[in-house]
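Source file: query.cif. Holds: mmCIF, C-alpha atoms.
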```
data_upload
loop_
_atom_site.group_PDB
_atom_site.id
_atom_site.type_symbol
_atom_site.label_atom_id
_atom_site.label_comp_id
_atom_site.auth_asym_id
_atom_site.auth_seq_id
_atom_site.Cartn_x
_atom_site.Cartn_y
_atom_site.Cartn_z
ATOM 1 C CA ASP A 23 27.709 6.438 0.942
ATOM 2 C CA SER A 24 25.108 5.323 3.481
ATOM 3 C CA GLY A 25 26.972 6.667 6.492
ATOM 4 C CA VAL A 26 27.313 3.186 7.991
ATOM 5 C CA THR A 27 30.899 2.023 8.288
ATOM 6 C CA GLN A 28 32.200 -1.497 8.686
ATOM 7 C CA THR A 29 35.662 -2.803 9.358
ATOM 8 C CA PRO A 30 37.516 -4.714 8.170
ATOM 9 C CA LYS A 31 36.498 -4.890 4.535
ATOM 10 C CA HIS A 32 38.036 -8.324 4.062
ATOM 11 C CA LEU A 33 38.999 -10.994 6.554
ATOM 12 C CA ILE A 34 40.687 -14.300 5.849
ATOM 13 C CA THR A 35 41.076 -16.752 8.682
ATOM 14 C CA ALA A 36 41.325 -20.445 9.414
ATOM 15 C CA THR A 37 38.757 -22.895 10.705
ATOM 16 C CA GLY A 38 38.399 -22.897 14.460
ATOM 17 C CA GLN A 39 39.452 -19.285 14.825
ATOM 18 C CA ARG A 40 37.529 -16.329 16.246
ATOM 19 C CA VAL A 41 36.990 -12.960 14.575
ATOM 20 C CA THR A 42 35.322 -9.675 15.437
ATOM 21 C CA LEU A 43 33.513 -7.525 12.910
ATOM 22 C CA ARG A 44 32.876 -3.909 13.702
ATOM 23 C CA CYS A 45 30.090 -1.547 12.674
ATOM 24 C CA SER A 46 29.466 2.139 13.265
ATOM 25 C CA PRO A 47 25.883 3.245 12.552
ATOM 26 C CA ARG A 48 24.817 6.452 10.875
ATOM 27 C CA SER A 49 24.953 9.482 13.104
ATOM 28 C CA GLY A 50 21.739 9.567 15.147
ATOM 29 C CA ASP A 51 20.699 5.986 14.473
ATOM 30 C CA LEU A 52 20.063 3.922 17.588
ATOM 31 C CA SER A 53 19.305 0.562 16.000
ATOM 32 C CA VAL A 54 21.910 -1.747 14.525
ATOM 33 C CA TYR A 55 21.153 -4.914 12.587
ATOM 34 C CA TRP A 56 23.472 -7.665 11.417
ATOM 35 C CA TYR A 57 22.812 -9.706 8.284
ATOM 36 C CA GLN A 58 24.671 -12.550 6.612
ATOM 37 C CA GLN A 59 24.744 -12.936 2.839
ATOM 38 C CA SER A 60 25.850 -16.285 1.453
ATOM 39 C CA LEU A 61 25.327 -18.058 -1.847
ATOM 40 C CA ASP A 62 23.271 -20.875 -0.375
ATOM 41 C CA GLN A 63 21.285 -18.994 2.293
ATOM 42 C CA GLY A 64 20.850 -15.611 0.644
ATOM 43 C CA LEU A 65 20.440 -12.568 2.895
ATOM 44 C CA GLN A 66 19.514 -13.552 6.433
ATOM 45 C CA PHE A 67 18.873 -11.467 9.514
ATOM 46 C CA LEU A 68 21.095 -12.372 12.439
ATOM 47 C CA ILE A 69 20.452 -9.981 15.303
ATOM 48 C CA GLN A 70 19.299 -6.461 16.204
ATOM 49 C CA TYR A 71 20.393 -4.098 18.947
ATOM 50 C CA TYR A 72 18.655 -0.921 19.972
ATOM 51 C CA ASN A 73 20.439 1.593 22.169
ATOM 52 C CA GLY A 74 22.632 -1.069 23.695
ATOM 53 C CA GLU A 75 19.960 -3.698 24.257
ATOM 54 C CA GLU A 76 19.333 -6.814 22.222
ATOM 55 C CA ARG A 77 15.980 -6.348 20.492
ATOM 56 C CA ALA A 78 15.512 -9.263 18.110
ATOM 57 C CA LYS A 79 17.248 -12.461 17.112
ATOM 58 C CA GLY A 80 17.120 -14.226 13.804
ATOM 59 C CA ASN A 81 19.046 -17.196 12.466
ATOM 60 C CA ILE A 82 22.126 -16.540 14.535
ATOM 61 C CA LEU A 83 24.246 -19.499 15.510
ATOM 62 C CA GLU A 84 25.209 -20.030 19.134
ATOM 63 C CA ARG A 85 28.857 -19.619 18.086
ATOM 64 C CA PHE A 86 28.037 -16.054 17.084
ATOM 65 C CA SER A 87 27.367 -13.185 19.443
ATOM 66 C CA ALA A 88 27.036 -9.429 19.220
ATOM 67 C CA GLN A 89 26.904 -6.373 21.374
ATOM 68 C CA GLN A 90 26.270 -2.661 21.050
ATOM 69 C CA PHE A 91 28.405 -0.272 23.035
ATOM 70 C CA PRO A 92 27.452 3.040 24.712
ATOM 71 C CA ASP A 93 28.791 4.967 21.710
ATOM 72 C CA LEU A 94 26.340 2.858 19.632
ATOM 73 C CA HIS A 95 28.934 1.033 17.578
ATOM 74 C CA SER A 96 28.387 -2.703 17.403
ATOM 75 C CA GLU A 97 30.578 -5.750 17.157
ATOM 76 C CA LEU A 98 29.722 -9.188 15.821
ATOM 77 C CA ASN A 99 31.858 -11.976 17.245
ATOM 78 C CA LEU A 100 32.168 -15.210 15.307
ATOM 79 C CA SER A 101 33.935 -18.115 17.009
ATOM 80 C CA SER A 102 34.902 -21.707 16.218
ATOM 81 C CA LEU A 103 34.705 -20.731 12.595
ATOM 82 C CA GLU A 104 33.725 -23.277 9.972
ATOM 83 C CA LEU A 105 34.091 -23.213 6.205
ATOM 84 C CA GLY A 106 30.361 -22.583 5.917
ATOM 85 C CA ASP A 107 30.687 -19.308 7.799
ATOM 86 C CA SER A 108 32.364 -17.766 4.772
ATOM 87 C CA ALA A 109 30.004 -15.002 3.698
ATOM 88 C CA LEU A 110 29.430 -11.282 3.441
ATOM 89 C CA TYR A 111 28.351 -9.809 6.751
ATOM 90 C CA PHE A 112 26.379 -6.595 6.584
ATOM 91 C CA CYS A 113 25.541 -4.139 9.273
ATOM 92 C CA ALA A 114 22.557 -1.833 8.875
ATOM 93 C CA SER A 115 21.218 0.963 11.019
ATOM 94 C CA SER A 116 17.958 2.800 11.465
ATOM 95 C CA VAL A 117 16.729 5.650 13.567
ATOM 96 C CA ALA A 118 14.238 3.764 15.652
ATOM 97 C CA ALA A 119 13.523 0.249 16.838
ATOM 98 C CA SER A 120 10.004 0.617 15.558
ATOM 99 C CA GLY A 121 7.736 3.302 14.238
ATOM 100 C CA ARG A 122 7.637 5.381 11.126
ATOM 101 C CA SER A 123 11.297 5.561 10.220
ATOM 102 C CA ARG A 124 11.815 1.947 9.389
ATOM 103 C CA GLU A 125 14.207 2.056 6.490
ATOM 104 C CA GLN A 126 17.565 0.500 7.158
ATOM 105 C CA TYR A 127 20.806 1.801 5.750
ATOM 106 C CA PHE A 128 23.469 -0.752 4.974
ATOM 107 C CA GLY A 129 27.203 -0.629 5.342
ATOM 108 C CA PRO A 130 29.587 -1.902 2.647
ATOM 109 C CA GLY A 131 29.963 -5.260 4.362
ATOM 110 C CA THR A 132 32.806 -7.417 5.618
ATOM 111 C CA ARG A 133 33.759 -10.345 3.423
ATOM 112 C CA LEU A 134 34.817 -13.255 5.623
ATOM 113 C CA THR A 135 36.701 -16.142 4.092
ATOM 114 C CA VAL A 136 37.355 -19.190 6.263
ATOM 115 C CA THR A 137 40.031 -21.531 4.915
ATOM 116 C CA ALA B 12 5.986 -16.210 9.028
ATOM 117 C CA GLN B 13 6.818 -13.503 6.568
ATOM 118 C CA SER B 14 8.275 -14.504 3.226
ATOM 119 C CA VAL B 15 9.174 -12.704 0.052
ATOM 120 C CA THR B 16 9.301 -14.303 -3.377
ATOM 121 C CA GLN B 17 11.138 -12.808 -6.299
ATOM 122 C CA LEU B 18 10.230 -14.426 -9.589
ATOM 123 C CA GLY B 19 13.196 -14.788 -11.887
ATOM 124 C CA SER B 20 16.702 -14.967 -10.514
ATOM 125 C CA HIS B 21 18.009 -13.434 -13.741
ATOM 126 C CA VAL B 22 16.380 -10.842 -15.973
ATOM 127 C CA SER B 23 17.907 -9.479 -19.161
ATOM 128 C CA VAL B 24 16.644 -6.392 -20.954
ATOM 129 C CA SER B 25 17.932 -4.284 -23.808
ATOM 130 C CA GLU B 26 19.133 -0.784 -23.088
ATOM 131 C CA GLY B 27 16.123 1.541 -23.323
ATOM 132 C CA ALA B 28 13.598 -1.234 -22.701
ATOM 133 C CA LEU B 29 11.183 -1.528 -19.805
ATOM 134 C CA VAL B 30 12.503 -3.096 -16.624
ATOM 135 C CA LEU B 31 10.074 -5.226 -14.608
ATOM 136 C CA LEU B 32 11.263 -7.097 -11.538
ATOM 137 C CA ARG B 33 8.644 -9.095 -9.681
ATOM 138 C CA CYS B 34 8.126 -9.398 -5.939
ATOM 139 C CA ASN B 35 5.344 -11.071 -3.987
ATOM 140 C CA TYR B 36 4.995 -11.154 -0.235
ATOM 141 C CA SER B 37 3.083 -13.471 2.030
ATOM 142 C CA SER B 38 1.488 -11.887 5.024
ATOM 143 C CA SER B 39 -2.013 -11.509 6.376
ATOM 144 C CA VAL B 40 -1.065 -7.974 7.347
ATOM 145 C CA PRO B 41 0.455 -5.839 4.572
ATOM 146 C CA PRO B 42 4.016 -5.237 5.624
ATOM 147 C CA TYR B 43 6.329 -2.366 4.944
ATOM 148 C CA LEU B 44 8.059 -3.208 1.660
ATOM 149 C CA PHE B 45 11.393 -2.156 0.257
ATOM 150 C CA TRP B 46 13.525 -2.548 -2.822
ATOM 151 C CA TYR B 47 17.291 -2.500 -2.441
ATOM 152 C CA VAL B 48 19.966 -2.597 -5.122
ATOM 153 C CA GLN B 49 23.391 -4.158 -4.751
ATOM 154 C CA TYR B 50 26.168 -3.287 -7.190
ATOM 155 C CA PRO B 51 29.129 -5.667 -7.441
ATOM 156 C CA ASN B 52 31.275 -5.691 -4.321
ATOM 157 C CA GLN B 53 29.116 -3.101 -2.614
ATOM 158 C CA GLY B 54 26.501 -2.937 0.106
ATOM 159 C CA LEU B 55 22.768 -2.596 -0.335
ATOM 160 C CA GLN B 56 21.338 0.746 -1.349
ATOM 161 C CA LEU B 57 17.722 1.633 -0.664
ATOM 162 C CA LEU B 58 15.822 2.271 -3.911
ATOM 163 C CA LEU B 59 12.359 2.881 -2.521
ATOM 164 C CA LYS B 60 9.946 1.934 0.237
ATOM 165 C CA TYR B 61 6.233 1.366 0.708
ATOM 166 C CA THR B 62 4.830 2.366 4.089
ATOM 167 C CA SER B 63 1.082 2.513 3.297
ATOM 168 C CA ALA B 64 0.992 6.220 2.434
ATOM 169 C CA ALA B 65 0.629 5.725 -1.323
ATOM 170 C CA THR B 66 0.393 2.600 -3.449
ATOM 171 C CA LEU B 67 2.648 3.942 -6.219
ATOM 172 C CA VAL B 68 6.061 4.677 -4.834
ATOM 173 C CA LYS B 69 8.790 6.540 -6.672
ATOM 174 C CA GLY B 70 12.387 5.892 -5.855
ATOM 175 C CA ILE B 71 15.838 6.896 -6.949
ATOM 176 C CA ASN B 72 17.331 6.453 -10.417
ATOM 177 C CA GLY B 73 13.907 6.497 -12.122
ATOM 178 C CA PHE B 74 12.581 3.356 -10.452
ATOM 179 C CA GLU B 75 9.087 3.006 -9.097
ATOM 180 C CA ALA B 76 7.008 0.242 -7.566
ATOM 181 C CA GLU B 77 3.304 -0.328 -7.123
ATOM 182 C CA PHE B 78 1.813 -1.999 -4.085
ATOM 183 C CA LYS B 79 -1.160 -4.207 -4.962
ATOM 184 C CA LYS B 80 -2.782 -5.710 -1.910
ATOM 185 C CA SER B 81 -5.147 -7.919 -3.916
ATOM 186 C CA GLU B 82 -2.154 -9.523 -5.631
ATOM 187 C CA THR B 83 0.202 -9.303 -2.615
ATOM 188 C CA SER B 84 2.721 -7.833 -5.025
ATOM 189 C CA PHE B 85 5.235 -5.014 -5.073
ATOM 190 C CA HIS B 86 6.816 -5.139 -8.528
ATOM 191 C CA LEU B 87 9.660 -2.797 -9.443
ATOM 192 C CA THR B 88 9.654 -1.000 -12.784
ATOM 193 C CA LYS B 89 11.689 1.468 -14.772
ATOM 194 C CA PRO B 90 10.489 2.722 -18.164
ATOM 195 C CA SER B 91 13.877 2.730 -19.848
ATOM 196 C CA ALA B 92 16.848 0.618 -18.772
ATOM 197 C CA HIS B 93 20.305 2.114 -18.615
ATOM 198 C CA MET B 94 23.582 0.241 -18.610
ATOM 199 C CA SER B 95 24.243 1.515 -15.104
ATOM 200 C CA ASP B 96 21.133 -0.331 -13.856
ATOM 201 C CA ALA B 97 22.920 -3.669 -14.138
ATOM 202 C CA ALA B 98 23.012 -4.986 -10.579
ATOM 203 C CA GLU B 99 21.258 -7.335 -8.177
ATOM 204 C CA TYR B 100 17.912 -6.216 -6.826
ATOM 205 C CA PHE B 101 16.382 -7.371 -3.580
ATOM 206 C CA CYS B 102 12.814 -7.042 -2.403
ATOM 207 C CA ALA B 103 12.351 -7.022 1.367
ATOM 208 C CA ALA B 104 9.452 -6.996 3.813
ATOM 209 C CA GLN B 105 9.208 -5.764 7.370
ATOM 210 C CA THR B 106 6.304 -6.362 9.725
ATOM 211 C CA GLY B 107 5.923 -6.113 13.466
ATOM 212 C CA ALA B 108 9.476 -7.125 14.107
ATOM 213 C CA ASN B 109 11.965 -4.714 12.694
ATOM 214 C CA ASN B 110 14.246 -6.999 10.787
ATOM 215 C CA LEU B 111 13.963 -7.340 7.036
ATOM 216 C CA PHE B 112 12.970 -10.540 5.259
ATOM 217 C CA PHE B 113 14.686 -10.576 1.894
ATOM 218 C CA GLY B 114 13.812 -12.282 -1.328
ATOM 219 C CA THR B 115 16.469 -14.309 -3.106
ATOM 220 C CA GLY B 116 17.352 -11.448 -5.410
ATOM 221 C CA THR B 117 17.114 -10.809 -9.158
ATOM 222 C CA ARG B 118 20.213 -10.141 -11.198
ATOM 223 C CA LEU B 119 19.473 -7.581 -13.901
ATOM 224 C CA THR B 120 21.570 -7.597 -17.036
ATOM 225 C CA VAL B 121 21.270 -4.722 -19.500
ATOM 226 C CA ILE B 122 22.206 -5.545 -23.079
ATOM 227 C CA PRO B 123 23.626 -2.690 -25.149
#
```
Take the structure in the file and give it back as structure tokens.
Amino acid sequence: DSGVTQTPKHLITATGQRVTLRCSPRSGDLSVYWYQQSLDQGLQFLIQYYNGEERAKGNILERFSAQQFPDLHSELNLSSLELGDSALYFCASSVAASGRSREQYFGPGTRLTVT
Amino acid sequence: AQSVTQLGSHVSVSEGALVLLRCNYSSSVPPYLFWYVQYPNQGLQLLLKYTSAATLVKGINGFEAEFKKSETSFHLTKPSAHMSDAAEYFCAAQTGANNLFFGTGTRLTVIP
């Protein structure tokens, strides 16, 4: 158990809908990262937040957005869903935005299926 | 841009045999390097990390990896495979930005 929690574990929804994925980082970790794992794209970085502020952006679609709240939990919002958005979405956390403690600890993931 | 290449999307070894999973990175500046393991229907678990302190890094479950700058490699090894090692293994690199660049993964099968 990494200490990172994600809800829900599974999500099935229809095209065009909007969903929210939730992540709680390990106790003490200030940085949260979102990754997408799909068969065709592999594991891709989406976005990073550090202590409530957006720190880095990767291959995140404009239909997707995220935020980190004062209690440090984070939410990833996916809208106007398409079949191709079906994937495993992972949240990871780390102590710092940069510096020596760079390892990231991953949650169990949310499996999104768009039908 | 940073990239990570894992040679061999599938590797099969007999139980008790040496495990060797290959990873090469491309970067003019040696990055931080990591190996993660993913068991079916689970998240990624950190096996080990290289952060420039020592070139031979020992991780959990008997795995180790050696950083070779001249070869831009960070191959993962385990002297004796166990059935419980069957999983997907990901090599990842991290440079100035904090996000991880992942390789495409290697699925390890252990044959009894």
Problem set entry | Selection dump of the PyMOL selection byres ((chain A and resi 103) around 9), as number ranges by chain | A: 35-41, 85, 100-102, 104-108, 136
Problem set entry | Output of the PyMOL selection byres ((chain B) within 12 of (chain A)), listed as a PyMOL selection string | chain B and resi 14-15+20+42-64+100-117
Evaluate the PyMOL selection byres ((chain A and resi 94) around 8) and record the selected residues as a PDB file with C-alpha atoms, keeping the file's coordinate frame, following the chain and residue labels used in the document.
```
ATOM      1  CA  SER A  46      29.466   2.139  13.265  1.00  0.00           C
ATOM      2  CA  PRO A  47      25.883   3.245  12.552  1.00  0.00           C
ATOM      3  CA  LEU A  52      20.063   3.922  17.588  1.00  0.00           C
ATOM      4  CA  ASN A  73      20.439   1.593  22.169  1.00  0.00           C
ATOM      5  CA  GLY A  74      22.632  -1.069  23.695  1.00  0.00           C
ATOM      6  CA  GLN A  90      26.270  -2.661  21.050  1.00  0.00           C
ATOM      7  CA  PHE A  91      28.405  -0.272  23.035  1.00  0.00           C
ATOM      8  CA  PRO A  92      27.452   3.040  24.712  1.00  0.00           C
ATOM      9  CA  ASP A  93      28.791   4.967  21.710  1.00  0.00           C
ATOM     10  CA  HIS A  95      28.934   1.033  17.578  1.00  0.00           C
ATOM     11  CA  SER A  96      28.387  -2.703  17.403  1.00  0.00           C
TER      12      SER A  96
END
```
Exercise. Please, what distance in Å, to one decimal, runs between CA of Lys31 (chain A) and CA of Gln17 (chain B)?
Worked result: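 Here the two named atoms are 28.7 Å from each other.
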For this session: May I have the residues within 8 Å of Leu31 (chain B) as a list in words, using all atoms listed in the file and disregarding those fewer than 2 positions away in the same chain?
Result: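 These residues fall inside the cut-off: Leu29, Arg33, His86, Leu87, Thr88 and Lys89 of chain B.
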Suppose we keep C-alpha atoms; can you now write the selection as an mmCIF file, keeping the file's coordinate frame?
```cif
data_model
loop_
_atom_site.group_PDB
_atom_site.id
_atom_site.type_symbol
_atom_site.label_atom_id
_atom_site.label_comp_id
_atom_site.auth_asym_id
_atom_site.auth_seq_id
_atom_site.Cartn_x
_atom_site.Cartn_y
_atom_site.Cartn_z
ATOM 1 C CA LEU B 29 11.183 -1.528 -19.805
ATOM 2 C CA ARG B 33 8.644 -9.095 -9.681
ATOM 3 C CA HIS B 86 6.816 -5.139 -8.528
ATOM 4 C CA LEU B 87 9.660 -2.797 -9.443
ATOM 5 C CA THR B 88 9.654 -1.000 -12.784
ATOM 6 C CA LYS B 89 11.689 1.468 -14.772
#
```
Problem set entry | For CA of Thr66 (chain B) and CA of Ser91 (chain B), the interatomic separation in Å (one decimal) | 21.2 Å
Neighbours of point (19.4, -0.9, -11.7) within 9 Å, using only C-alpha atoms, written as a PDB file with C-alpha atoms, in the coordinates of the input:
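That gives us selection.pdb:
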```
ATOM      1  CA  VAL B  30      12.503  -3.096 -16.624  1.00  0.00           C
ATOM      2  CA  VAL B  48      19.966  -2.597  -5.122  1.00  0.00           C
ATOM      3  CA  GLN B  49      23.391  -4.158  -4.751  1.00  0.00           C
ATOM      4  CA  TYR B  50      26.168  -3.287  -7.190  1.00  0.00           C
ATOM      5  CA  ASN B  72      17.331   6.453 -10.417  1.00  0.00           C
ATOM      6  CA  PHE B  74      12.581   3.356 -10.452  1.00  0.00           C
ATOM      7  CA  LYS B  89      11.689   1.468 -14.772  1.00  0.00           C
ATOM      8  CA  ALA B  92      16.848   0.618 -18.772  1.00  0.00           C
ATOM      9  CA  HIS B  93      20.305   2.114 -18.615  1.00  0.00           C
ATOM     10  CA  MET B  94      23.582   0.241 -18.610  1.00  0.00           C
ATOM     11  CA  SER B  95      24.243   1.515 -15.104  1.00  0.00           C
ATOM     12  CA  ASP B  96      21.133  -0.331 -13.856  1.00  0.00           C
ATOM     13  CA  ALA B  97      22.920  -3.669 -14.138  1.00  0.00           C
ATOM     14  CA  ALA B  98      23.012  -4.986 -10.579  1.00  0.00           C
ATOM     15  CA  GLU B  99      21.258  -7.335  -8.177  1.00  0.00           C
ATOM     16  CA  TYR B 100      17.912  -6.216  -6.826  1.00  0.00           C
ATOM     17  CA  LEU B 119      19.473  -7.581 -13.901  1.00  0.00           C
ATOM     18  CA  THR B 120      21.570  -7.597 -17.036  1.00  0.00           C
ATOM     19  CA  VAL B 121      21.270  -4.722 -19.500  1.00  0.00           C
TER      20      VAL B 121
END
```
For this session: Using CA of Val68 (chain B) and CA of Gly19 (chain B) as the two end points, give the distance in Å to one decimal.
Result: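 Interatomic distance here is 21.9 Å.
Residues in contact range of Ile34 (chain A), defined as at most 8 Å between only C-alpha atoms, with sequence neighbours fewer than 4 positions away removed, read Leu134, Thr135, Val136 and Thr137 of chain A.
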Problem set entry | Selected residue of minimal separation from Gln89 (chain A) among A:Pro30, A:Val54, A:Val117, A:Gly25, counting all atoms listed in the file |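 Of A:Pro30, A:Val54, A:Val117, A:Gly25, the one nearest Gln89 (chain A), counting all atoms listed in the file, is A:Val54.
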Seminar exercise, completed: Using all atoms listed in the file, the shortest atom-to-atom distance to Ser25 (chain B) among B:Ile122, B:Ile71, B:Ala65, B:Ala76 belongs to B:Ile122
For this session: With a distance cut-off of 6 Å and all atoms listed in the file, select the neighbouring residues of Ala88 (chain A), excluding the residue or stretch itself and same-chain residues fewer than 5 positions from it, and output the selection as a PyMOL selection string.
Result: chain A and resi 97-99
